[in-house]
>>> print(open('work_16.pdb').read())   # PDB, C-alpha atoms, pLDDT in the B column
ATOM      1  CA  MET A 127     -22.475  -7.836  -8.295  1.00 93.00           C
ATOM      2  CA  TYR A 128     -20.677  -4.986  -6.551  1.00 98.00           C
ATOM      3  CA  LYS A 129     -22.559  -2.959  -3.949  1.00 98.00           C
ATOM      4  CA  LEU A 130     -21.402   0.633  -3.420  1.00 97.00           C
ATOM      5  CA  TYR A 131     -22.471   2.517  -0.309  1.00 96.00           C
ATOM      6  CA  TRP A 132     -22.772   6.056  -1.609  1.00 95.00           C
ATOM      7  CA  SER A 133     -23.585   9.577  -0.464  1.00 93.00           C
ATOM      8  CA  GLU A 134     -23.662  12.844  -2.389  1.00 90.00           C
ATOM      9  CA  GLY A 135     -20.633  15.083  -1.912  1.00 90.00           C
ATOM     10  CA  THR A 136     -18.420  12.314  -0.551  1.00 93.00           C
ATOM     11  CA  ALA A 137     -15.480  10.326  -1.909  1.00 96.00           C
ATOM     12  CA  SER A 138     -17.910   7.705  -3.222  1.00 96.00           C
ATOM     13  CA  LEU A 139     -18.013   9.594  -6.535  1.00 97.00           C
ATOM     14  CA  ALA A 140     -14.589   8.379  -7.720  1.00 98.00           C
ATOM     15  CA  PRO A 141     -15.320   4.646  -7.182  1.00 98.00           C
ATOM     16  CA  GLN A 142     -18.707   5.142  -8.843  1.00 98.00           C
ATOM     17  CA  ILE A 143     -17.012   6.578 -11.937  1.00 98.00           C
ATOM     18  CA  VAL A 144     -14.465   3.737 -12.055  1.00 98.00           C
ATOM     19  CA  LEU A 145     -17.255   1.155 -11.765  1.00 98.00           C
ATOM     20  CA  GLU A 146     -19.029   2.835 -14.677  1.00 97.00           C
ATOM     21  CA  GLU A 147     -15.813   2.875 -16.669  1.00 97.00           C
ATOM     22  CA  ALA A 148     -15.356  -0.840 -15.988  1.00 98.00           C
ATOM     23  CA  GLY A 149     -18.798  -1.542 -17.424  1.00 97.00           C
ATOM     24  CA  VAL A 150     -19.694  -3.939 -14.617  1.00 97.00           C
ATOM     25  CA  GLU A 151     -22.988  -4.368 -12.826  1.00 96.00           C
ATOM     26  CA  PHE A 152     -23.194  -2.647  -9.465  1.00 97.00           C
ATOM     27  CA  GLU A 153     -25.811  -1.549  -6.991  1.00 96.00           C
ATOM     28  CA  ILE A 154     -25.754   1.862  -5.336  1.00 95.00           C
ATOM     29  CA  VAL A 155     -26.943   1.982  -1.743  1.00 95.00           C
ATOM     30  CA  VAL A 156     -27.691   5.620  -0.941  1.00 93.00           C
ATOM     31  CA  THR A 157     -26.507   6.381   2.578  1.00 92.00           C
ATOM     32  CA  ASP A 158     -27.539   9.865   3.703  1.00 88.00           C
ATOM     33  CA  THR A 159     -24.697  11.280   5.778  1.00 88.00           C
ATOM     34  CA  ALA A 160     -26.773  14.426   6.436  1.00 84.00           C
ATOM     35  CA  LYS A 161     -29.132  12.177   8.381  1.00 89.00           C
ATOM     36  CA  SER A 162     -26.200  10.356  10.014  1.00 89.00           C
ATOM     37  CA  GLU A 163     -27.128   7.080   8.356  1.00 91.00           C
ATOM     38  CA  HIS A 164     -23.409   6.255   8.230  1.00 93.00           C
ATOM     39  CA  THR A 165     -23.373   6.120  12.052  1.00 90.00           C
ATOM     40  CA  LYS A 166     -26.234   3.639  12.394  1.00 93.00           C
ATOM     41  CA  SER A 167     -25.590   0.072  13.429  1.00 93.00           C
ATOM     42  CA  GLU A 168     -26.599  -1.306  10.030  1.00 91.00           C
ATOM     43  CA  PHE A 169     -23.812   0.578   8.286  1.00 92.00           C
ATOM     44  CA  LEU A 170     -21.291   0.206  11.101  1.00 94.00           C
ATOM     45  CA  ALA A 171     -21.653  -3.553  10.710  1.00 93.00           C
ATOM     46  CA  ILE A 172     -20.306  -3.056   7.184  1.00 92.00           C
ATOM     47  CA  ASN A 173     -17.732  -0.358   7.912  1.00 91.00           C
ATOM     48  CA  PRO A 174     -16.913   0.074  11.615  1.00 92.00           C
ATOM     49  CA  PHE A 175     -15.149   3.348  10.799  1.00 90.00           C
ATOM     50  CA  GLY A 176     -18.485   4.843   9.772  1.00 92.00           C
ATOM     51  CA  LYS A 177     -17.143   6.369   6.574  1.00 92.00           C
ATOM     52  CA  ILE A 178     -18.433   6.523   3.021  1.00 95.00           C
ATOM     53  CA  PRO A 179     -17.710   4.905   0.628  1.00 97.00           C
ATOM     54  CA  ALA A 180     -17.741   1.210   1.292  1.00 97.00           C
ATOM     55  CA  LEU A 181     -17.737  -1.373  -1.475  1.00 98.00           C
ATOM     56  CA  ILE A 182     -18.894  -4.950  -1.100  1.00 97.00           C
ATOM     57  CA  LEU A 183     -17.108  -7.129  -3.628  1.00 98.00           C
ATOM     58  CA  PRO A 184     -18.889  -9.979  -5.441  1.00 97.00           C
ATOM     59  CA  ASN A 185     -17.251 -12.456  -3.042  1.00 97.00           C
ATOM     60  CA  GLY A 186     -18.605 -10.566  -0.018  1.00 96.00           C
ATOM     61  CA  THR A 187     -15.366  -8.854   0.996  1.00 97.00           C
ATOM     62  CA  VAL A 188     -15.812  -5.267   2.184  1.00 97.00           C
ATOM     63  CA  MET A 189     -13.428  -2.595   0.902  1.00 97.00           C
ATOM     64  CA  THR A 190     -13.134   0.948   2.261  1.00 96.00           C
ATOM     65  CA  GLU A 191     -10.976   3.984   1.364  1.00 96.00           C
ATOM     66  CA  ALA A 192     -11.949   5.504  -1.994  1.00 97.00           C
ATOM     67  CA  ALA A 193      -8.495   5.535  -3.572  1.00 97.00           C
ATOM     68  CA  ALA A 194      -7.848   1.924  -2.574  1.00 98.00           C
ATOM     69  CA  ILE A 195     -11.215   0.903  -4.032  1.00 98.00           C
ATOM     70  CA  CYS A 196     -10.424   2.684  -7.289  1.00 98.00           C
ATOM     71  CA  LEU A 197      -6.984   1.103  -7.621  1.00 98.00           C
ATOM     72  CA  TYR A 198      -8.403  -2.341  -6.870  1.00 98.00           C
ATOM     73  CA  LEU A 199     -11.115  -1.979  -9.512  1.00 98.00           C
ATOM     74  CA  ILE A 200      -8.585  -0.727 -12.068  1.00 98.00           C
ATOM     75  CA  GLU A 201      -6.435  -3.807 -11.489  1.00 97.00           C
ATOM     76  CA  GLN A 202      -9.324  -6.280 -11.422  1.00 97.00           C
ATOM     77  CA  HIS A 203     -10.888  -5.017 -14.630  1.00 98.00           C
ATOM     78  CA  ASP A 204      -7.730  -4.174 -16.602  1.00 97.00           C
ATOM     79  CA  LEU A 205      -8.503  -0.472 -16.813  1.00 97.00           C
ATOM     80  CA  ASP A 206      -4.953   0.268 -17.873  1.00 95.00           C
ATOM     81  CA  HIS A 207      -6.007   3.593 -19.381  1.00 95.00           C
ATOM     82  CA  LEU A 208      -6.812   4.903 -15.884  1.00 98.00           C
ATOM     83  CA  ALA A 209      -3.499   4.053 -14.209  1.00 97.00           C
ATOM     84  CA  PRO A 210      -0.006   3.291 -15.523  1.00 96.00           C
ATOM     85  CA  LYS A 211       1.107  -0.288 -14.983  1.00 94.00           C
ATOM     86  CA  PRO A 212       3.564  -0.960 -12.104  1.00 91.00           C
ATOM     87  CA  LYS A 213       6.665  -0.981 -14.321  1.00 92.00           C
ATOM     88  CA  SER A 214       5.543   1.878 -16.526  1.00 94.00           C
ATOM     89  CA  SER A 215       7.703   5.008 -16.708  1.00 93.00           C
ATOM     90  CA  GLU A 216       4.637   7.022 -15.627  1.00 94.00           C
ATOM     91  CA  ARG A 217       3.966   4.915 -12.532  1.00 96.00           C
ATOM     92  CA  ALA A 218       6.134   6.955 -10.150  1.00 96.00           C
ATOM     93  CA  GLU A 219       4.465  10.215 -11.159  1.00 96.00           C
ATOM     94  CA  PHE A 220       1.033   8.618 -10.865  1.00 97.00           C
ATOM     95  CA  LEU A 221       1.704   7.301  -7.356  1.00 97.00           C
ATOM     96  CA  ARG A 222       3.154  10.624  -6.250  1.00 97.00           C
ATOM     97  CA  TRP A 223       0.053  12.551  -7.252  1.00 98.00           C
ATOM     98  CA  ILE A 224      -2.606  10.108  -6.087  1.00 98.00           C
ATOM     99  CA  ILE A 225      -1.041  10.165  -2.620  1.00 98.00           C
ATOM    100  CA  TYR A 226      -0.796  13.961  -2.687  1.00 98.00           C
ATOM    101  CA  LEU A 227      -4.463  14.261  -3.649  1.00 98.00           C
ATOM    102  CA  THR A 228      -5.637  11.904  -0.912  1.00 97.00           C
ATOM    103  CA  ASN A 229      -3.239  12.780   1.909  1.00 96.00           C
ATOM    104  CA  THR A 230      -2.947  16.538   1.405  1.00 97.00           C
ATOM    105  CA  ILE A 231      -5.889  18.009  -0.493  1.00 97.00           C
ATOM    106  CA  GLN A 232      -8.618  15.530   0.462  1.00 96.00           C
ATOM    107  CA  GLU A 233      -7.507  15.382   4.085  1.00 93.00           C
ATOM    108  CA  ASN A 234      -7.438  19.156   4.473  1.00 93.00           C
ATOM    109  CA  TYR A 235     -11.016  19.570   3.355  1.00 94.00           C
ATOM    110  CA  LYS A 236     -11.861  18.221   6.816  1.00 91.00           C
ATOM    111  CA  ARG A 237     -10.524  21.444   8.333  1.00 88.00           C
ATOM    112  CA  TYR A 238     -13.159  23.363   6.377  1.00 88.00           C
ATOM    113  CA  TYR A 239     -16.175  21.076   6.733  1.00 87.00           C
ATOM    114  CA  TYR A 240     -15.469  19.805  10.249  1.00 83.00           C
ATOM    115  CA  CYS A 241     -13.625  22.766  11.729  1.00 79.00           C
ATOM    116  CA  ASP A 242     -15.462  22.365  15.053  1.00 76.00           C
ATOM    117  CA  CYS A 243     -13.449  19.157  15.513  1.00 76.00           C
ATOM    118  CA  PHE A 244     -10.171  21.077  15.311  1.00 78.00           C
ATOM    119  CA  ILE A 245     -10.728  24.030  17.631  1.00 78.00           C
ATOM    120  CA  PRO A 246     -11.804  24.281  21.279  1.00 74.00           C
ATOM    121  CA  GLU A 247     -15.420  24.965  22.164  1.00 79.00           C
ATOM    122  CA  GLY A 248     -16.149  28.665  21.750  1.00 75.00           C
ATOM    123  CA  GLY A 249     -13.249  29.127  19.333  1.00 80.00           C
ATOM    124  CA  ASP A 250     -13.292  31.296  16.228  1.00 83.00           C
ATOM    125  CA  ILE A 251     -14.880  28.906  13.718  1.00 79.00           C
ATOM    126  CA  ASP A 252     -15.229  31.523  10.985  1.00 85.00           C
ATOM    127  CA  GLY A 253     -11.595  32.536  11.337  1.00 88.00           C
ATOM    128  CA  PHE A 254     -10.450  28.928  11.302  1.00 85.00           C
ATOM    129  CA  ARG A 255     -12.543  28.214   8.205  1.00 87.00           C
ATOM    130  CA  LYS A 256     -11.016  31.196   6.364  1.00 91.00           C
ATOM    131  CA  ILE A 257      -7.541  29.854   7.085  1.00 91.00           C
ATOM    132  CA  ALA A 258      -8.630  26.407   5.883  1.00 91.00           C
ATOM    133  CA  ILE A 259      -9.856  27.887   2.581  1.00 93.00           C
ATOM    134  CA  LYS A 260      -6.623  29.832   2.144  1.00 94.00           C
ATOM    135  CA  ASP A 261      -4.592  26.691   2.763  1.00 95.00           C
ATOM    136  CA  LEU A 262      -6.713  24.631   0.359  1.00 96.00           C
ATOM    137  CA  ILE A 263      -6.139  27.174  -2.397  1.00 97.00           C
ATOM    138  CA  GLU A 264      -2.411  26.945  -1.705  1.00 97.00           C
ATOM    139  CA  PHE A 265      -2.485  23.123  -1.737  1.00 98.00           C
ATOM    140  CA  TRP A 266      -4.076  23.184  -5.196  1.00 98.00           C
ATOM    141  CA  LYS A 267      -1.204  25.272  -6.593  1.00 98.00           C
ATOM    142  CA  PRO A 268       1.186  22.328  -7.274  1.00 98.00           C
ATOM    143  CA  VAL A 269      -1.586  20.556  -9.181  1.00 98.00           C
ATOM    144  CA  GLU A 270      -2.143  23.663 -11.301  1.00 97.00           C
ATOM    145  CA  SER A 271       1.600  23.853 -11.987  1.00 97.00           C
ATOM    146  CA  ALA A 272       1.762  20.188 -13.018  1.00 96.00           C
ATOM    147  CA  LEU A 273      -1.185  20.554 -15.391  1.00 97.00           C
ATOM    148  CA  LYS A 274       0.313  23.674 -16.916  1.00 95.00           C
ATOM    149  CA  LYS A 275       3.697  22.000 -17.332  1.00 92.00           C
ATOM    150  CA  ASN A 276       2.090  19.090 -19.185  1.00 85.00           C
ATOM    151  CA  ASN A 277       0.523  21.489 -21.721  1.00 77.00           C
ATOM    152  CA  GLY A 278      -2.597  19.361 -21.636  1.00 79.00           C
ATOM    153  CA  ALA A 279      -5.897  18.881 -19.909  1.00 91.00           C
ATOM    154  CA  PHE A 280      -4.787  15.913 -17.842  1.00 97.00           C
ATOM    155  CA  MET A 281      -2.188  15.155 -15.195  1.00 97.00           C
ATOM    156  CA  LEU A 282      -0.427  12.503 -17.277  1.00 95.00           C
ATOM    157  CA  GLY A 283      -0.501  14.493 -20.484  1.00 90.00           C
ATOM    158  CA  GLU A 284      -3.042  13.774 -23.212  1.00 86.00           C
ATOM    159  CA  LYS A 285      -4.953  10.914 -21.592  1.00 92.00           C
ATOM    160  CA  LEU A 286      -7.423  10.885 -18.734  1.00 97.00           C
ATOM    161  CA  SER A 287      -6.468   8.876 -15.662  1.00 98.00           C
ATOM    162  CA  LEU A 288      -7.687   8.233 -12.142  1.00 98.00           C
ATOM    163  CA  LEU A 289      -5.780  11.377 -11.139  1.00 98.00           C
ATOM    164  CA  ASP A 290      -8.111  13.558 -13.194  1.00 98.00           C
ATOM    165  CA  ILE A 291     -11.182  11.745 -11.884  1.00 98.00           C
ATOM    166  CA  TYR A 292      -9.990  12.325  -8.330  1.00 98.00           C
ATOM    167  CA  ILE A 293      -9.167  15.955  -9.060  1.00 98.00           C
ATOM    168  CA  THR A 294     -12.640  16.504 -10.498  1.00 97.00           C
ATOM    169  CA  MET A 295     -14.256  15.004  -7.406  1.00 97.00           C
ATOM    170  CA  LEU A 296     -12.165  17.158  -5.065  1.00 97.00           C
ATOM    171  CA  ILE A 297     -12.918  20.298  -7.067  1.00 97.00           C
ATOM    172  CA  THR A 298     -16.646  19.784  -6.466  1.00 95.00           C
ATOM    173  CA  TRP A 299     -15.992  19.933  -2.714  1.00 95.00           C
ATOM    174  CA  PHE A 300     -14.670  23.491  -2.912  1.00 95.00           C
ATOM    175  CA  GLN A 301     -17.404  26.050  -2.279  1.00 90.00           C
ATOM    176  CA  PRO A 302     -17.936  28.084  -4.321  1.00 92.00           C
ATOM    177  CA  MET A 303     -16.320  25.872  -6.928  1.00 94.00           C
ATOM    178  CA  ASP A 304     -16.089  28.682  -9.494  1.00 95.00           C
ATOM    179  CA  GLU A 305     -13.845  30.651  -7.144  1.00 96.00           C
ATOM    180  CA  LEU A 306     -11.209  27.931  -7.213  1.00 97.00           C
ATOM    181  CA  LEU A 307     -11.497  27.450 -10.980  1.00 97.00           C
ATOM    182  CA  SER A 308     -11.155  31.178 -11.596  1.00 97.00           C
ATOM    183  CA  ILE A 309      -7.809  31.159  -9.778  1.00 97.00           C
ATOM    184  CA  TYR A 310      -6.420  28.145 -11.614  1.00 97.00           C
ATOM    185  CA  PRO A 311      -7.196  28.049 -15.382  1.00 96.00           C
ATOM    186  CA  SER A 312      -5.389  24.749 -15.998  1.00 97.00           C
ATOM    187  CA  LEU A 313      -7.392  23.150 -13.198  1.00 97.00           C
ATOM    188  CA  LYS A 314     -10.576  24.422 -14.841  1.00 97.00           C
ATOM    189  CA  ASN A 315      -9.482  22.966 -18.151  1.00 96.00           C
ATOM    190  CA  CYS A 316      -8.850  19.595 -16.483  1.00 97.00           C
ATOM    191  CA  TYR A 317     -12.280  19.710 -14.836  1.00 97.00           C
ATOM    192  CA  ASP A 318     -14.012  20.592 -18.112  1.00 97.00           C
ATOM    193  CA  GLU A 319     -12.178  17.957 -20.159  1.00 97.00           C
ATOM    194  CA  THR A 320     -12.671  15.238 -17.549  1.00 97.00           C
ATOM    195  CA  ASN A 321     -16.403  15.913 -17.552  1.00 97.00           C
ATOM    196  CA  LYS A 322     -16.470  15.072 -21.261  1.00 97.00           C
ATOM    197  CA  ASN A 323     -15.783  11.442 -20.384  1.00 97.00           C
ATOM    198  CA  THR A 324     -19.024   9.464 -20.665  1.00 97.00           C
ATOM    199  CA  SER A 325     -18.688   7.713 -17.293  1.00 97.00           C
ATOM    200  CA  VAL A 326     -17.782  10.938 -15.491  1.00 97.00           C
ATOM    201  CA  ALA A 327     -20.632  12.894 -17.084  1.00 96.00           C
ATOM    202  CA  LYS A 328     -23.160  10.196 -16.194  1.00 95.00           C
ATOM    203  CA  CYS A 329     -22.087  10.008 -12.548  1.00 95.00           C
ATOM    204  CA  MET A 330     -21.993  13.787 -12.154  1.00 94.00           C
ATOM    205  CA  LYS A 331     -25.548  14.082 -13.470  1.00 90.00           C
ATOM    206  CA  LEU A 332     -26.734  11.335 -11.124  1.00 85.00           C
ATOM    207  CA  GLN A 333     -25.501  13.088  -7.967  1.00 77.00           C
ATOM    208  CA  THR A 334     -28.606  15.052  -7.049  1.00 64.00           C
ATOM    209  CA  LYS A 335     -31.057  12.504  -8.469  1.00 60.00           C
ATOM    210  CA  LEU A 336     -29.603   9.718  -6.346  1.00 59.00           C
ATOM    211  CA  SER A 337     -29.549  11.842  -3.207  1.00 51.00           C
ATOM    212  CA  ILE A 338     -33.275  12.641  -3.440  1.00 47.00           C
ATOM    213  CA  GLY A 339     -34.248   9.123  -4.459  1.00 46.00           C
ATOM    214  CA  VAL A 340     -35.315   9.884  -8.016  1.00 43.00           C
ATOM    215  CA  ILE A 341     -33.371   6.883  -9.334  1.00 38.00           C
TER     216      ILE A 341
END
>>> encode(input="work_16.pdb", output="structure tokens")
Amino acid sequence: MYKLYWSEGTASLAPQIVLEEAGVEFEIVVTDTAKSEHTKSEFLAINPFGKIPALILPNGTVMTEAAAICLYLIEQHDLDHLAPKPKSSERAEFLRWIIYLTNTIQENYKRYYYCDCFIPEGGDIDGFRKIAIKDLIEFWKPVESALKKNNGAFMLGEKLSLLDIYITMLITWFQPMDELLSIYPSLKNCYDETNKNTSVAKCMKLQTKLSIGVI
């Protein structure tokens, strides 16, 4: 059985959705980052980097990095509908966007949520955060353009892929989320359509319940 170390509002959501889509058994280990449980020795023994998510494979191997986990699960469980095969004509476009989402959009959320790590003590945190929000909105623009160009709800046209799952996760990090979606109508359409997927809808509904220990 897989074991997913999970926390609300983190990149653990995407691997959780892919695990659901695979239809495999997995255990969720709630790790409260608000209480710094990811910095405790028990978790650091699993992931020395102290980051969520971490996935323990059935053979005991530990995987980290959400996108890598997702791609691994897609390959292991033949979830070809979530990612074009290596020699597919869509593969180049898929790789381009998954890297953009992780290396540009996901990475720059840190400037908003952890801005104190980027400016000197006593610096203008509010000003820095405003710039971070402005930049994030700008970084979402190419995604909006790609969705609009495709004339569909999804990044690869008419079918949902890991790209749309990742986009949906990253949208939930923007606060207030409705502000971002009001700027980019195609992004909103992608978010709405992706949430119609059974696995996505289930995992989205579980977010708060898992975090407060209801499930």
>>> closest_residue(input="work_16.pdb", among="A:Leu197, A:Met127, A:Ala140, A:Leu273", to="Ser325 of chain A", atoms="all atoms listed in the file")
A:Ala140
>>> atom_distance(input="work_16.pdb", atom1="atom CA of Met281 of chain A", atom2="atom CA of Cys316 of chain A")
8.1 Å
>>> residues_around(input="work_16.pdb", residues="Ile293 of chain A", least_positions_apart="5", cutoff="9 Å", atoms="only C-alpha atoms", output="JSON, numbers by chain")
{"A": [227, 269, 288, 298, 313, 316, 317]}
>>> axis_aligned_box(input="work_16.pdb", around="segment 223-239 of chain A", padding_each_side="3 Å", output="JSON")
{"center_x": -8.1, "center_y": 16.7, "center_z": 0.5, "size_x": 22.2, "size_y": 19.3, "size_z": 21.6}
>>> closest_residue(input="work_16.pdb", among="A:His207, A:Lys129, A:Asp158, A:Asp261", to="Asn234 of chain A", atoms="all atoms listed in the file")
A:Asp261
>>> resolve_selection(input="work_16.pdb", expression="the PyMOL selection byres ((chain A and resi 159) around 10)", output="list in words")
Trp132, Ser133, Glu134, Gly135, Thr136, Val156, Thr157, Asp158, Ala160, Lys161, Ser162, Glu163, His164, Thr165, Gly176, Lys177 and Ile178 of chain A
>>> resolve_selection(input="work_16.pdb", expression="the PyMOL selection byres ((chain A and resi 296) around 10)", output="list in words")
Gly135, Thr136, Ala137, Leu139, Ala140, Leu227, Thr228, Ile231, Gln232, Tyr235, Asp290, Ile291, Tyr292, Ile293, Thr294, Met295, Ile297, Thr298, Trp299, Phe300 and Met303 of chain A
>>> residues_near_point(input="work_16.pdb", point="(-17.4, 27.9, 9.0)", cutoff="8 Å", atoms="all atoms listed in the file", output="list in words")
Tyr238, Tyr239, Cys241, Ile251, Asp252, Gly253, Phe254, Arg255 and Lys256 of chain A
>>> closest_residue(input="work_16.pdb", among="A:Pro268, A:Gly248, A:Pro184, A:Pro212", to="Glu153 of chain A", atoms="only C-alpha atoms")
A:Pro184
>>> residues_around(input="work_16.pdb", residues="Ile195 of chain A", least_positions_apart="6", cutoff="8 Å", atoms="all atoms listed in the file", output="list of chain:residue names")
A:Pro141, A:Leu181, A:Met189
>>> write_last_selection(input="work_16.pdb", atoms="C-alpha atoms", output="CSV table (one decimal), in the frame of the given file")
chain,number,residue,atom,x,y,z
A,141,PRO,CA,-15.3,4.6,-7.2
A,181,LEU,CA,-17.7,-1.4,-1.5
A,189,MET,CA,-13.4,-2.6,0.9
>>> closest_residue(input="work_16.pdb", among="A:Leu332, A:Ala180, A:Ser287, A:Asp242", to="Leu205 of chain A", atoms="all atoms listed in the file")
A:Ser287
>>> resolve_selection(input="work_16.pdb", expression="the PyMOL selection byres ((chain A and resi 148) around 8)", output="list in words")
Val144, Leu145, Glu146, Glu147, Gly149, Val150, Leu199, Ile200, His203 and Leu205 of chain A
